[in-house]
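Novice: The structure file upload_37.csv (CSV, C-alpha atoms and all ligand atoms) is provided below.
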```csv
chain,number,residue,atom,x,y,z
A,1,MET,CA,-87.2,-95.0,-1.5
A,2,SER,CA,-84.7,-92.2,-1.3
A,3,GLY,CA,-85.9,-88.6,-1.9
A,4,PRO,CA,-85.1,-86.3,-4.9
A,5,GLY,CA,-82.0,-85.0,-3.2
A,6,ALA,CA,-80.7,-82.0,-1.3
A,7,ILE,CA,-80.6,-78.5,-2.9
A,8,VAL,CA,-78.0,-75.8,-2.3
A,9,VAL,CA,-78.9,-72.2,-3.3
A,10,LEU,CA,-76.3,-69.5,-3.6
A,11,THR,CA,-77.8,-66.0,-3.7
A,12,GLY,CA,-76.2,-62.6,-4.5
A,13,ALA,CA,-77.2,-59.0,-4.6
A,14,GLY,CA,-79.5,-59.5,-7.6
A,15,ILE,CA,-82.1,-61.3,-5.4
A,16,SER,CA,-82.5,-58.2,-3.3
A,17,ALA,CA,-82.5,-55.7,-6.2
A,18,GLU,CA,-86.3,-55.6,-6.5
A,19,SER,CA,-86.5,-55.0,-2.8
A,20,GLY,CA,-84.8,-51.7,-3.4
A,21,ILE,CA,-81.2,-52.7,-2.3
A,22,ASP,CA,-78.5,-51.7,-4.8
A,23,THR,CA,-76.4,-54.3,-6.4
A,24,PHE,CA,-72.6,-53.9,-6.7
A,25,ARG,CA,-71.7,-54.2,-10.4
A,26,ASP,CA,-74.8,-53.1,-12.3
A,27,LYS,CA,-75.1,-49.6,-13.7
A,28,GLY,CA,-75.1,-47.2,-10.8
A,29,GLY,CA,-74.1,-50.0,-8.5
A,30,ILE,CA,-72.2,-49.7,-5.2
A,31,TRP,CA,-68.8,-50.3,-6.7
A,32,GLU,CA,-69.5,-47.4,-9.2
A,33,ARG,CA,-69.9,-45.0,-6.2
A,34,HIS,CA,-67.2,-46.4,-3.9
A,35,ARG,CA,-63.8,-48.0,-4.3
A,36,ILE,CA,-63.5,-51.5,-2.7
A,37,GLU,CA,-60.1,-50.4,-1.4
A,38,ASP,CA,-61.6,-47.5,0.5
A,39,VAL,CA,-64.6,-49.3,2.2
A,40,ALA,CA,-64.4,-53.1,2.0
A,41,THR,CA,-61.0,-54.2,3.1
A,42,PRO,CA,-59.3,-54.6,6.5
A,43,GLU,CA,-56.7,-52.1,5.4
A,44,ALA,CA,-59.4,-49.5,4.6
A,45,PHE,CA,-60.8,-50.0,8.1
A,46,ALA,CA,-57.4,-49.6,9.7
A,47,ARG,CA,-56.7,-46.5,7.6
A,48,ASP,CA,-60.0,-44.7,8.0
A,49,PRO,CA,-62.5,-46.5,10.2
A,50,ALA,CA,-64.9,-43.5,10.2
A,51,ALA,CA,-65.3,-43.7,6.4
A,52,VAL,CA,-66.0,-47.4,6.5
A,53,HIS,CA,-68.5,-46.9,9.3
A,54,VAL,CA,-70.3,-44.3,7.2
A,55,PHE,CA,-70.5,-46.7,4.2
A,56,TYR,CA,-72.1,-49.4,6.3
A,57,ASN,CA,-74.2,-47.1,8.5
A,58,ASP,CA,-75.8,-45.7,5.3
A,59,ARG,CA,-76.7,-49.2,4.0
A,60,ARG,CA,-77.9,-50.4,7.5
A,61,ARG,CA,-80.2,-47.3,7.8
A,62,GLN,CA,-81.7,-48.2,4.4
A,63,LEU,CA,-82.2,-51.8,5.4
A,64,VAL,CA,-83.8,-51.1,8.8
A,65,GLY,CA,-85.5,-47.9,7.7
A,66,GLY,CA,-88.8,-49.6,7.1
A,67,ASP,CA,-89.6,-49.7,3.4
A,68,VAL,CA,-87.2,-52.5,2.4
A,69,ARG,CA,-88.9,-55.9,2.5
A,70,PRO,CA,-88.4,-59.4,1.0
A,71,ASN,CA,-89.7,-59.9,-2.6
A,72,ALA,CA,-91.3,-62.9,-4.2
A,73,ALA,CA,-87.9,-64.6,-4.9
A,74,HIS,CA,-87.1,-64.6,-1.1
A,75,HIS,CA,-90.5,-66.0,-0.3
A,76,ALA,CA,-90.3,-68.7,-3.0
A,77,LEU,CA,-87.0,-70.0,-1.5
A,78,ALA,CA,-88.6,-70.1,2.0
A,79,ARG,CA,-91.5,-72.1,0.5
A,80,LEU,CA,-89.0,-74.4,-1.2
A,81,GLU,CA,-87.3,-75.0,2.2
A,82,THR,CA,-90.6,-76.0,3.9
A,83,SER,CA,-92.1,-78.0,1.0
A,84,TRP,CA,-89.1,-79.9,-0.6
A,85,PRO,CA,-88.8,-83.5,0.8
A,86,ASP,CA,-85.0,-83.2,1.3
A,87,GLU,CA,-82.7,-80.5,2.7
A,88,VAL,CA,-82.7,-77.0,1.1
A,89,PHE,CA,-79.6,-74.9,2.2
A,90,VAL,CA,-79.3,-71.3,1.3
A,91,VAL,CA,-75.8,-69.7,1.2
A,92,THR,CA,-76.1,-66.0,0.7
A,93,GLN,CA,-73.4,-63.5,-0.3
A,94,ASN,CA,-75.7,-60.8,0.9
A,95,ILE,CA,-75.5,-59.0,4.2
A,96,ASP,CA,-79.2,-58.0,4.3
A,97,ASP,CA,-81.7,-60.0,6.4
A,98,LEU,CA,-84.3,-60.5,3.7
A,99,HIS,CA,-84.0,-64.3,3.5
A,100,GLU,CA,-84.7,-64.5,7.3
A,101,ARG,CA,-87.6,-62.1,7.1
A,102,ALA,CA,-89.1,-64.2,4.3
A,103,GLY,CA,-88.9,-67.3,6.5
A,104,SER,CA,-85.7,-69.1,5.3
A,105,ARG,CA,-84.1,-70.9,8.3
A,106,ASN,CA,-81.4,-73.2,6.9
A,107,LEU,CA,-79.2,-70.3,5.8
A,108,ILE,CA,-75.7,-68.9,6.2
A,109,HIS,CA,-74.3,-65.5,5.4
A,110,MET,CA,-70.9,-66.3,4.0
A,111,HIS,CA,-70.0,-62.6,3.8
A,112,GLY,CA,-71.5,-61.6,7.2
A,113,GLU,CA,-74.5,-59.6,8.3
A,114,LEU,CA,-75.1,-55.8,8.1
A,115,CYS,CA,-77.2,-55.8,11.4
A,116,LYS,CA,-74.4,-57.4,13.4
A,117,ALA,CA,-71.2,-56.0,14.8
A,118,ARG,CA,-68.1,-57.7,16.1
A,119,GLY,CA,-65.6,-56.8,18.8
A,120,ALA,CA,-62.3,-56.3,16.8
A,121,ARG,CA,-60.5,-57.2,20.1
A,122,CYS,CA,-62.7,-59.9,21.6
A,123,GLY,CA,-64.3,-61.3,18.4
A,124,VAL,CA,-67.8,-61.4,20.1
A,125,VAL,CA,-70.6,-60.9,17.6
A,126,ILE,CA,-73.6,-58.7,18.7
A,127,ALA,CA,-76.9,-57.7,17.0
A,128,ARG,CA,-76.7,-54.0,16.0
A,129,ASP,CA,-79.3,-52.0,14.1
A,130,GLU,CA,-77.9,-48.5,15.0
A,131,ASP,CA,-75.0,-46.7,13.6
A,132,LEU,CA,-71.5,-47.7,14.5
A,133,THR,CA,-68.8,-45.0,15.1
A,134,VAL,CA,-65.2,-45.0,16.1
A,135,GLU,CA,-66.3,-44.3,19.7
A,136,THR,CA,-68.9,-47.0,20.0
A,137,PRO,CA,-67.8,-49.2,23.0
A,138,CYS,CA,-67.8,-53.0,22.6
A,139,THR,CA,-70.7,-54.3,24.7
A,140,SER,CA,-68.8,-57.4,25.5
A,141,CYS,CA,-65.3,-56.2,26.5
A,142,GLY,CA,-66.1,-52.5,26.9
A,143,THR,CA,-63.2,-51.4,24.7
A,144,SER,CA,-64.2,-48.1,23.1
A,145,GLY,CA,-63.9,-48.0,19.3
A,146,ALA,CA,-63.3,-51.7,19.0
A,147,LEU,CA,-66.6,-52.6,17.2
A,148,ARG,CA,-66.5,-53.3,13.5
A,149,PRO,CA,-69.2,-54.4,11.1
A,150,HIS,CA,-69.7,-58.2,11.2
A,151,VAL,CA,-68.9,-58.3,7.4
A,152,VAL,CA,-66.3,-60.3,5.5
A,153,TRP,CA,-64.1,-57.8,3.6
A,154,PHE,CA,-62.0,-58.6,0.5
A,155,GLY,CA,-59.0,-60.6,1.7
A,156,GLU,CA,-60.8,-62.0,4.7
A,157,MET,CA,-62.0,-65.6,5.0
A,158,PRO,CA,-65.7,-66.1,4.3
A,159,LEU,CA,-67.8,-67.7,7.0
A,160,GLU,CA,-68.8,-71.3,7.4
A,161,LEU,CA,-67.0,-72.5,4.3
A,162,GLU,CA,-66.5,-76.1,5.7
A,163,ARG,CA,-70.3,-76.5,6.1
A,164,THR,CA,-70.8,-75.0,2.6
A,165,TYR,CA,-68.3,-77.3,0.9
A,166,ALA,CA,-69.8,-80.3,2.6
A,167,ALA,CA,-73.3,-79.3,1.3
A,168,LEU,CA,-71.9,-78.7,-2.2
A,169,GLY,CA,-70.3,-82.2,-2.2
A,170,SER,CA,-73.6,-83.9,-1.3
A,171,CYS,CA,-76.3,-82.0,-3.1
A,172,ALA,CA,-78.3,-83.1,-6.1
A,173,LEU,CA,-79.1,-79.6,-7.3
A,174,PHE,CA,-77.1,-76.3,-7.1
A,175,VAL,CA,-78.9,-73.1,-8.0
A,176,ALA,CA,-77.2,-69.7,-8.3
A,177,ILE,CA,-79.5,-66.7,-8.1
A,178,GLY,CA,-78.7,-63.0,-8.7
A,179,THR,CA,-75.0,-63.2,-8.7
A,180,SER,CA,-72.5,-61.9,-11.3
A,181,GLY,CA,-70.0,-64.7,-10.6
A,182,ASN,CA,-67.1,-62.3,-10.0
A,183,VAL,CA,-66.3,-62.9,-6.3
A,184,TYR,CA,-64.5,-66.0,-5.1
A,185,PRO,CA,-64.7,-68.4,-3.5
A,186,ALA,CA,-68.5,-68.1,-4.1
A,187,ALA,CA,-68.1,-68.0,-7.9
A,188,GLY,CA,-66.4,-71.4,-7.7
A,189,PHE,CA,-69.2,-73.2,-5.9
A,190,VAL,CA,-70.9,-74.3,-9.2
A,191,THR,CA,-67.8,-76.1,-10.2
A,192,GLU,CA,-67.5,-77.7,-6.7
A,193,ALA,CA,-71.1,-78.9,-6.9
A,194,ARG,CA,-70.6,-80.4,-10.3
A,195,GLN,CA,-67.3,-82.1,-9.6
A,196,ALA,CA,-67.7,-83.2,-6.0
A,197,GLY,CA,-71.5,-83.6,-5.9
A,198,HIS,CA,-72.3,-84.5,-9.5
A,199,ALA,CA,-75.1,-82.0,-9.0
A,200,HIS,CA,-77.4,-80.6,-11.7
A,201,THR,CA,-76.6,-76.9,-11.9
A,202,VAL,CA,-78.9,-74.0,-12.6
A,203,GLU,CA,-78.4,-70.2,-13.0
A,204,LEU,CA,-81.3,-67.8,-12.4
A,205,ASN,CA,-80.2,-64.3,-13.2
A,206,LEU,CA,-81.2,-61.0,-14.9
A,207,GLU,CA,-78.5,-61.7,-17.5
A,208,PRO,CA,-75.8,-64.3,-18.1
A,209,SER,CA,-73.1,-64.2,-15.4
A,210,ALA,CA,-69.3,-64.6,-15.7
A,211,GLY,CA,-69.8,-68.3,-15.0
A,212,GLU,CA,-72.7,-68.8,-17.4
A,213,THR,CA,-71.2,-71.7,-19.3
A,214,LEU,CA,-70.6,-73.6,-16.1
A,215,PHE,CA,-74.3,-74.2,-15.6
A,216,ALA,CA,-76.3,-77.1,-17.1
A,217,GLU,CA,-79.5,-75.0,-17.1
A,218,ARG,CA,-80.0,-71.3,-17.2
A,219,HIS,CA,-83.1,-69.0,-17.0
A,220,TYR,CA,-82.9,-65.3,-17.3
A,221,GLY,CA,-85.3,-62.6,-16.1
A,222,ARG,CA,-86.1,-60.7,-12.9
A,223,ALA,CA,-85.7,-62.8,-9.8
A,224,SER,CA,-89.2,-62.0,-8.5
A,225,GLU,CA,-90.6,-63.8,-11.6
A,226,VAL,CA,-87.9,-66.4,-12.5
A,227,VAL,CA,-87.4,-67.8,-9.0
A,228,PRO,CA,-91.0,-68.5,-8.1
A,229,ALA,CA,-91.6,-70.1,-11.5
A,230,PHE,CA,-88.6,-72.3,-11.0
A,231,VAL,CA,-89.6,-73.3,-7.5
A,232,GLU,CA,-93.2,-74.1,-8.7
A,233,ARG,CA,-91.8,-76.4,-11.4
A,234,LEU,CA,-89.6,-78.1,-8.8
A,235,LEU,CA,-92.3,-78.6,-6.3
A,236,ALA,CA,-94.8,-79.8,-9.0
A,237,SER,CA,-92.5,-82.5,-10.3
A,238,GLU,CA,-90.5,-83.2,-7.1
A,239,THR,CA,-87.7,-84.3,-9.3
A,240,ILE,CA,-84.4,-82.6,-10.3
A,241,GLU,CA,-84.2,-82.2,-14.1
A,242,GLY,CA,-81.2,-83.5,-15.8
A,243,SER,CA,-78.1,-84.7,-14.0
A,244,GLY,CA,-74.7,-83.0,-13.2
A,245,THR,CA,-72.5,-83.0,-16.4
B,1,LIG,C1,-61.0,-64.7,0.3
B,1,LIG,C2,-69.4,-58.1,1.9
B,1,LIG,C3,-59.3,-66.2,1.2
B,1,LIG,C4,-69.0,-56.7,2.0
B,1,LIG,C5,-68.2,-59.0,-0.1
B,1,LIG,C6,-59.9,-67.0,-5.9
B,1,LIG,C7,-60.1,-67.8,-4.7
B,1,LIG,C8,-60.3,-67.1,-3.5
B,1,LIG,C9,-60.3,-65.7,-3.4
B,1,LIG,C10,-60.0,-65.0,-4.6
B,1,LIG,C11,-59.8,-65.6,-5.8
B,1,LIG,N1,-59.6,-64.6,-6.7
B,1,LIG,C12,-59.7,-63.4,-6.1
B,1,LIG,C13,-59.9,-63.6,-4.8
B,1,LIG,C14,-60.0,-62.5,-3.8
B,1,LIG,C15,-61.4,-61.9,-3.6
B,1,LIG,C16,-62.2,-61.8,-4.9
B,1,LIG,O1,-63.0,-62.7,-5.3
B,1,LIG,N2,-61.9,-60.7,-5.6
B,1,LIG,C17,-62.7,-60.5,-6.8
B,1,LIG,C18,-63.1,-59.0,-6.9
B,1,LIG,C19,-61.9,-60.9,-8.0
B,1,LIG,N3,-62.1,-62.7,-2.7
B,1,LIG,C20,-62.0,-62.5,-1.4
B,1,LIG,O2,-61.2,-61.6,-0.9
B,1,LIG,C21,-62.8,-63.3,-0.5
B,1,LIG,N4,-62.0,-63.9,0.6
B,1,LIG,O3,-60.6,-64.9,-0.8
B,1,LIG,O4,-60.4,-65.3,1.4
B,1,LIG,C22,-59.8,-67.5,0.6
B,1,LIG,C23,-59.0,-68.1,-0.3
B,1,LIG,C24,-59.4,-69.3,-0.8
B,1,LIG,C25,-60.6,-69.9,-0.4
B,1,LIG,C26,-61.3,-69.3,0.5
B,1,LIG,C27,-60.9,-68.0,1.0
B,1,LIG,C28,-63.8,-62.5,0.3
B,1,LIG,C29,-64.8,-61.9,-0.7
B,1,LIG,C30,-66.0,-61.2,0.2
B,1,LIG,C31,-65.9,-59.7,0.0
B,1,LIG,N5,-67.2,-59.2,0.6
B,1,LIG,N6,-69.3,-58.5,0.6
B,1,LIG,C32,-70.2,-55.8,1.5
B,1,LIG,O5,-71.3,-56.4,1.2
B,1,LIG,O6,-70.0,-54.6,1.6
B,1,LIG,S1,-68.3,-59.3,-1.7
B,1,LIG,C33,-69.6,-58.4,-2.5
B,1,LIG,O7,-69.6,-59.0,-3.8
B,1,LIG,C34,-70.9,-58.7,-1.9
B,1,LIG,O8,-71.0,-59.7,-0.9
B,1,LIG,C35,-71.7,-59.2,-3.1
B,1,LIG,O9,-72.8,-60.0,-2.8
B,1,LIG,C36,-70.6,-60.0,-3.7
B,1,LIG,C37,-70.8,-60.7,-5.0
B,1,LIG,O10,-71.4,-59.7,-5.8
B,1,LIG,P1,-72.9,-60.2,-6.4
B,1,LIG,O11,-73.7,-60.6,-5.2
B,1,LIG,O12,-72.7,-61.2,-7.4
B,1,LIG,O13,-73.4,-58.8,-6.9
B,1,LIG,P2,-73.1,-58.1,-8.3
B,1,LIG,O14,-73.6,-56.7,-8.2
B,1,LIG,O15,-71.8,-58.4,-8.7
B,1,LIG,O16,-74.1,-58.9,-9.3
B,1,LIG,C38,-75.5,-58.8,-9.2
B,1,LIG,C39,-76.1,-59.8,-10.2
B,1,LIG,O17,-77.5,-59.7,-10.1
B,1,LIG,C40,-75.8,-59.3,-11.7
B,1,LIG,O18,-75.4,-60.5,-12.4
B,1,LIG,C41,-77.1,-58.8,-12.2
B,1,LIG,O19,-77.3,-59.1,-13.5
B,1,LIG,C42,-78.1,-59.6,-11.3
B,1,LIG,N7,-79.4,-58.9,-11.1
B,1,LIG,C43,-79.6,-57.5,-11.0
B,1,LIG,N8,-80.9,-57.3,-10.8
B,1,LIG,C44,-81.5,-58.5,-10.8
B,1,LIG,C45,-80.6,-59.5,-11.0
B,1,LIG,N9,-80.9,-60.8,-11.1
B,1,LIG,C46,-82.2,-61.1,-10.9
B,1,LIG,N10,-83.2,-60.3,-10.7
B,1,LIG,C47,-82.9,-58.9,-10.6
B,1,LIG,N11,-83.9,-58.1,-10.4
```
Output the file's structure in the form of structure tokens.

Specialist:
Amino acid sequence: MSGPGAIVVLTGAGISAESGIDTFRDKGGIWERHRIEDVATPEAFARDPAAVHVFYNDRRRQLVGGDVRPNAAHHALARLETSWPDEVFVVTQNIDDLHERAGSRNLIHMHGELCKARGARCGVVIARDEDLTVETPCTSCGTSGALRPHVVWFGEMPLELERTYAALGSCALFVAIGTSGNVYPAAGFVTEARQAGHAHTVELNLEPSAGETLFAERHYGRASEVVPAFVERLLASETIEGSGT
């Protein structure tokens, strides 16, 4: 007897909003205060690395500062991973570590991680909670000033796409949580899951996203309420409602 099927969950900044981490495109969001071209492209880093380091240092200090912690939505996904009879795979666009801190293990950060740095020369990735500056030496190759945030900027290739597309092609359920559906290729995952995987597709968000009509099922509200309720319903029935359309 085969199980109910694998689940792929895509999360975005909205799942961390109630943990106190700013989203990007909401009112007062990060892209209202900074221009992407100044802080989140390889060209920006080449032009003014100090400004890019300040942008990420500020966000890293907030994350590691102590009063940011996972919320009920992160914990619900960790519970789903341990209790669901088939695979649960979380692909996050977020660079915070709240999914890990809530207990999620089968997880990838397609846009990188705020608490990791990468040697721009050697490509070695290291854990890094402290500030980065243009003088910080790479702990692997020793080159001064060669460390960059281990973050995927606009125009750069997201991480582990092959593994992600394989999961999208074989899942029975695709759930997008807390994402506005503006950034690709992540915003195209729902279509991939429907076409390649014939998956049932669900959007859980504060408000309809740009890809709203692509989802077979939609529930709106705050992630800390909507996600636990959705996970409870899934675990109670152990079936995936509906089928990919
Ligand atoms: C690439 C790291 C080549 C940095 C980020 C078509 C195909 C492929 C690429 C493109 C394409 N069209 C355009 C492109 C280029 C570009 C792109 O998408 N541009 C956009 C602006 C049009 N994409 C790229 O450059 C990507 N790379 O294309 O490589 C390639 C080509 C083909 C195939 C593969 C590769 C790289 C993009 C990655 C950039 N890096 N982050 C950092 O964090 O500083 S993106 C950035 O946006 C963050 O990662 C963020 O997570 C992400 C997406 O934003 P969201 O997470 O959705 O956040 P947002 O604020 O927008 O929305 C929050 C939502 O939450 C809202 O809907 C809100 O209602 C909701 N919400 C709020 N509060 C709550 C809530 N929901 C529930 N509860 C709440 N309490």

Novice: Restricting the calculation to all atoms listed in the file: of A:Ala210, A:Ile108, A:Glu130, A:His150, which residue gets closest to Val9 of chain A?

Specialist: A:Ile108

Novice: Contacts of Glu81 of chain A at 10 Å or less, counting only C-alpha atoms, minus same-chain residues fewer than 2 places along, as a list of chain:residue names?

Specialist: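 So, after excluding close chain neighbours, the residues are A:Ile7, A:His75, A:Ala76, A:Leu77, A:Ala78, A:Arg79, A:Ser83, A:Trp84, A:Pro85, A:Asp86, A:Glu87, A:Val88, A:Phe89, A:Val90, A:Gly103, A:Ser104, A:Arg105, A:Asn106.
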
Novice: To check your reading of the model: which residues sit at most 7 Å from ligand LIG 1 (chain B) when counting all atoms listed in the file? Write the answer as a PyMOL selection string.

Specialist: chain A and resi 11-15+17-18+23-26+29+40+93-95+111-112+151-158+177-185+204-209+221-224

Novice: Mind checking which residues fall within 10 Å of segment 143-146 of chain A, counting only C-alpha atoms, ignoring those fewer than 6 positions away in the same chain, and posting them as a PyMOL selection string?

Specialist: chain A and resi 49+117-123+132-137

Novice: Can you list, as JSON, numbers by chain, every protein, DNA or RNA residue that comes within 12 Å of Thr191 of chain A when you count only C-alpha atoms, leaving out same-chain residues fewer than 3 positions away?

Specialist: {"A": [165, 168, 169, 174, 175, 176, 181, 184, 185, 186, 187, 188, 194, 195, 196, 197, 198, 199, 200, 201, 202, 211, 212, 213, 214, 215, 216, 244, 245]}

Novice: Please, what is the axis-aligned box for every listed atom of segment 172-186 of chain A with 6 Å on each side, as centre and edge lengths in Å to one decimal, as lines of an AutoDock Vina configuration file?

Specialist:
```
center_x = -72.0
center_y = -72.5
center_z = -7.4
size_x = 27.0
size_y = 33.2
size_z = 19.8
```

Novice: Find the distance between atom CA of Ile240 of chain A and atom CA of Glu203 of chain A and write it in Å to one decimal.

Specialist: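 Distance reported for this atom pair: 14.0 Å.
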
Novice: Could you check how far atom CA of Glu241 of chain A sits from atom CA of Asn71 of chain A, in Å to one decimal?

Specialist: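 Between atom CA of Glu241 of chain A and atom CA of Asn71 of chain A the gap is 25.7 Å.
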
Novice: Pick out the closest residue to Glu160 of chain A from this set: A:Leu107, A:Val68, A:Ile30, A:Ala172. Count all atoms listed in the file.

Specialist: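 Closest residue, counting all atoms listed in the file: A:Leu107.
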
Novice: One number please: atom CA of His53 of chain A to atom CA of Leu147 of chain A, in Å, one decimal.

Specialist: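 Atom CA of Leu147 of chain A lies at a distance of 9.9 Å from atom CA of His53 of chain A.
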
Novice: Identify which of the residues A:Val52, A:Cys171, A:Val125, A:Ile21 lies closest to Leu98 of chain A, counting only C-alpha atoms when measuring atom-to-atom distances.

Specialist: A:Ile21
